[in-house]
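Below you'll find the structure, written out as structure tokens, and then a few comments.
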Amino acid sequence: MQLVCGKATCTQPATLAVQTLSLYVRETIGPSFAAPTGLWQTSGWIRGTWPFFVWGNSPSGLCSLSASLNGQLINTSTSGQDVSSWHQCAAPPISQSVDTSRYGQGALPLTLSTSDAAGVPASLSKTVYIDNSIPTITLSGPVDAPSTAGTQYVSATAGGSPSGIADVVCSVDGGPAQTYSGASAQVPVGGIGSHSVSCYAQDNAVDPSGAHGTSTTATWSLKIGQPTVVGIAFDKLVGLRCHRARVRVKIPGHWITVRRHGKRVKVKTHAHMKVERVMRCHPRTVRRRTVVFVRERRHGHIVKVKRIKFVRVVVPPRLLAKTSRVVHFGRGTTVNGYLGTASGIAIAGHAVQVLTAPDNGGGQFSQAGVVMTAANGTWTAKLPPGPSRIVEAVYGGDPTTEGASSGQVRVVVPAKVKLISVSPPRVAWGGTVRITGRLLGGYLPSGGALVRLRIGQGSTYQTYGVQEHVMGNGRFTTTYTFGAGYAGIHKSFWFQIATLPMGDYPYAPAASGRRSVLVGGHPRAPATRRHHKRHRAKHRKR
């Protein structure tokens, strides 16, 4: 308040007495807010820690100022009231960093609240979009492809963020990164060899520095190789006639180190002759009919005359490939093959796996061996003795070539059937013989094998029965009873056993050797009667 005298000059002192003064003021302007930077000014999706600054004013002054995010208090400031001044309150600004991850995800309300000295409240709100999630990314595609299939593509798919995916960033074999907009990408991969694709995703939420939410890096391995071909067969060289021969070979002398009188000295051995067994072969020749023209003098003139001439022509050796081979029981064999690219280039020095399975329909393959290819891509593997088998070759591939498997070839092994005994070797008409046999080699079916029982005379025979359910160690016993006949007639019969073809028995049908039985005469007397006859004969001699 100010009191002013309107008189220009005063000659006497003036006195003013004020007894009571009442002043009433009504505020007509409410509080206001200001948040020029930081969290309040954001637009779009955000993440991380953001600066927050807000202040306010009012004619009577702000006594309190507060801010909240998603209903959770960020901070508040207050001021005491000074009634001696028109601006009675002065609440300080709020200035701090706000970690948005503490307040939830999605569209959240950011609210400013205040109250001034006149008791007038005010508030202001806006929506803030917060996404602090970590996006995810997955890769899919081929892991092994032939070079003839063209360019391969690895699919990248991202997600897992409320703000959506801004882009996918991928790199092939550590090369420059390529950015693909959106949540998915098709990454092209080409060239023979092993490749690696690395990708990560970025969502739409940014921090104050502008960095997006980023996923972990996903990788995908892909091999593009040349197609290969694996061949397998039983090769046989035909067109050569070979025989074993013994030759004398001269072994020249050579230097060796020996110890004499405690010292090592070099001496030269004497040359000597050695006999070795070698295989000598020469090409096969055939007699061919050819037509030749000769000159002859006829009636004083030289004329050409056609003549027929037979000459011997050398047949060049050649390899004959077969898909099956018969191998005797208990013997091994060899199988041959080739490994190369589909374009005909041999692959040398690579491993080929040889698998075999008993030919009983079970398909139980196991590894019989691993062989290395020669300079021309060929390979040879030894197969041990065993049953009839299905054989195939498998090439696993390498960083630049594709794996491949061959067709199947078969090793056919006849069964080993042994007729152990036919007893007794002599029987009377109407007598019975006991026949014991065995199937060797194992691999008997769970229900047992079938054995054909034969009886014959001379070159003729007939099957008189089948022994069923031969299992275990393959040994079995059966009997045969002859019919009645004249005692004075003696005949020789032979017995034989043979296997029957069965789909689950991995041996080819085969027959055993023969055993003969002489049939004729009267049946033998019981043992007790023979004993009494011998005893009476002794007494007669006495």
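By convention here, the chains of the structure tokens are called A, B, ... in the order presented, each chain's residues are numbered starting at 1, and ligands are numbered starting at 1 in the order presented.
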
Legend entry - region 153-164 of chain A environment, 9 Å, only C-alpha atoms, sequence neighbours closer than 5 positions dropped, as a PyMOL selection string: chain A and resi 44-46+105-106+129-142+170+182-190+197+199-205+213+215+220+222

Inset, instruction - Might you pull out every residue within 7 Å of Thr334 (chain A), with only C-alpha atoms counted and same-chain residues fewer than 3 positions away left off, and present them as a list in words? - result: Thr380, Ala381, Lys382 and Leu383 of chain A

Inset, instruction - Find the residues near Ser64 (chain A): any atom within 10 Å, counting only C-alpha atoms, skip ones fewer than 5 places away on the same chain, and give them as a PyMOL selection string. - result: chain A and resi 56+76-80+89-93+113-117+121

Inset, instruction - Find the spatial neighbours of Ala368 (chain A), counting only C-alpha atoms, within a cut-off of 12 Å - ignore same-chain residues fewer than 4 positions away - and output them as a ChimeraX atom specification. - result: /A:332,334-335,352-358,381-386,389-394

Using N, CA and C atoms, can you write the selected residues to a file as a PDB file, in the first residue's frame?
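Everything below was put into part24.pdb:
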```pdb
ATOM      1  N   GLY A 332      34.236-114.437 -47.784  1.00  0.00           N
ATOM      2  CA  GLY A 332      33.960-113.034 -48.010  1.00  0.00           C
ATOM      3  C   GLY A 332      34.044-112.699 -49.484  1.00  0.00           C
ATOM      4  N   THR A 334      34.350-108.921 -52.341  1.00  0.00           N
ATOM      5  CA  THR A 334      34.625-107.496 -52.473  1.00  0.00           C
ATOM      6  C   THR A 334      33.518-106.840 -53.289  1.00  0.00           C
ATOM      7  N   VAL A 335      33.319-105.570 -53.034  1.00  0.00           N
ATOM      8  CA  VAL A 335      32.346-104.778 -53.776  1.00  0.00           C
ATOM      9  C   VAL A 335      33.043-103.515 -54.249  1.00  0.00           C
ATOM     10  N   VAL A 352      33.832 -93.183 -48.093  1.00  0.00           N
ATOM     11  CA  VAL A 352      32.540 -93.757 -48.479  1.00  0.00           C
ATOM     12  C   VAL A 352      32.203 -94.842 -47.460  1.00  0.00           C
ATOM     13  N   GLN A 353      31.023 -94.776 -46.926  1.00  0.00           N
ATOM     14  CA  GLN A 353      30.567 -95.740 -45.922  1.00  0.00           C
ATOM     15  C   GLN A 353      29.806 -96.866 -46.617  1.00  0.00           C
ATOM     16  N   VAL A 354      30.195 -98.097 -46.325  1.00  0.00           N
ATOM     17  CA  VAL A 354      29.551 -99.271 -46.905  1.00  0.00           C
ATOM     18  C   VAL A 354      28.655 -99.897 -45.839  1.00  0.00           C
ATOM     19  N   LEU A 355      27.364-100.024 -46.140  1.00  0.00           N
ATOM     20  CA  LEU A 355      26.386-100.559 -45.207  1.00  0.00           C
ATOM     21  C   LEU A 355      25.840-101.879 -45.741  1.00  0.00           C
ATOM     22  N   THR A 356      25.592-102.798 -44.830  1.00  0.00           N
ATOM     23  CA  THR A 356      25.015-104.084 -45.200  1.00  0.00           C
ATOM     24  C   THR A 356      23.869-104.415 -44.253  1.00  0.00           C
ATOM     25  N   ALA A 357      22.924-105.212 -44.755  1.00  0.00           N
ATOM     26  CA  ALA A 357      21.801-105.693 -43.947  1.00  0.00           C
ATOM     27  C   ALA A 357      21.482-107.110 -44.374  1.00  0.00           C
ATOM     28  N   PRO A 358      21.206-108.001 -43.423  1.00  0.00           N
ATOM     29  CA  PRO A 358      20.786-109.357 -43.806  1.00  0.00           C
ATOM     30  C   PRO A 358      19.571-109.296 -44.726  1.00  0.00           C
ATOM     31  N   ALA A 381      35.744-102.274 -51.415  1.00  0.00           N
ATOM     32  CA  ALA A 381      35.548-102.629 -50.008  1.00  0.00           C
ATOM     33  C   ALA A 381      35.468-104.138 -49.872  1.00  0.00           C
ATOM     34  N   LYS A 382      36.047-104.646 -48.790  1.00  0.00           N
ATOM     35  CA  LYS A 382      35.978-106.070 -48.485  1.00  0.00           C
ATOM     36  C   LYS A 382      34.792-106.340 -47.576  1.00  0.00           C
ATOM     37  N   LEU A 383      34.021-107.357 -47.942  1.00  0.00           N
ATOM     38  CA  LEU A 383      32.882-107.775 -47.128  1.00  0.00           C
ATOM     39  C   LEU A 383      33.233-109.082 -46.445  1.00  0.00           C
ATOM     40  N   PRO A 384      33.077-109.168 -45.137  1.00  0.00           N
ATOM     41  CA  PRO A 384      33.409-110.404 -44.426  1.00  0.00           C
ATOM     42  C   PRO A 384      32.386-111.492 -44.715  1.00  0.00           C
ATOM     43  N   PRO A 385      32.687-112.726 -44.300  1.00  0.00           N
ATOM     44  CA  PRO A 385      31.699-113.802 -44.467  1.00  0.00           C
ATOM     45  C   PRO A 385      30.421-113.482 -43.707  1.00  0.00           C
ATOM     46  N   GLY A 386      29.325-113.988 -44.212  1.00  0.00           N
ATOM     47  CA  GLY A 386      28.040-113.747 -43.568  1.00  0.00           C
ATOM     48  C   GLY A 386      26.914-114.328 -44.381  1.00  0.00           C
ATOM     49  N   ARG A 389      23.155-110.761 -48.136  1.00  0.00           N
ATOM     50  CA  ARG A 389      23.049-109.382 -47.644  1.00  0.00           C
ATOM     51  C   ARG A 389      22.657-108.422 -48.755  1.00  0.00           C
ATOM     52  N   ILE A 390      22.081-107.313 -48.318  1.00  0.00           N
ATOM     53  CA  ILE A 390      21.850-106.157 -49.179  1.00  0.00           C
ATOM     54  C   ILE A 390      22.961-105.160 -48.877  1.00  0.00           C
ATOM     55  N   VAL A 391      23.611-104.658 -49.913  1.00  0.00           N
ATOM     56  CA  VAL A 391      24.762-103.777 -49.735  1.00  0.00           C
ATOM     57  C   VAL A 391      24.472-102.452 -50.435  1.00  0.00           C
ATOM     58  N   GLU A 392      24.788-101.360 -49.755  1.00  0.00           N
ATOM     59  CA  GLU A 392      24.692-100.044 -50.378  1.00  0.00           C
ATOM     60  C   GLU A 392      25.804 -99.160 -49.844  1.00  0.00           C
ATOM     61  N   ALA A 393      26.139 -98.129 -50.608  1.00  0.00           N
ATOM     62  CA  ALA A 393      27.207 -97.202 -50.248  1.00  0.00           C
ATOM     63  C   ALA A 393      26.597 -95.832 -49.980  1.00  0.00           C
ATOM     64  N   VAL A 394      27.137 -95.149 -48.975  1.00  0.00           N
ATOM     65  CA  VAL A 394      26.641 -93.830 -48.583  1.00  0.00           C
ATOM     66  C   VAL A 394      27.824 -92.881 -48.493  1.00  0.00           C
TER      67      VAL A 394
END
```

Inset, instruction - Enumerate the residues of region 68-215 of chain A with a DSSP assignment of strand (DSSP E or B), computed from the backbone, and present them as a ChimeraX atom specification. - result: /A:68-69,72-78,94-99,106-116,121-130,136-140,144-146,152-159,165-172,178-181,184-189,193-206,212-214

Inset, instruction - Give me the residues within 6 Å of region 472-483 of chain A as a list of chain:residue names, counting only C-alpha atoms and dropping any in the same chain fewer than 4 places off. - result: A:Gly430, A:Gly431, A:Thr432, A:Val433, A:Arg434, A:Ile435, A:Thr436, A:Gly437, A:Arg438, A:Leu439

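Remark: for Gln462 (chain A), the closest of the candidate residues A:Val409, A:Ala487, A:Gly330, A:Gln496 is A:Gln496 (distances computed over only C-alpha atoms).
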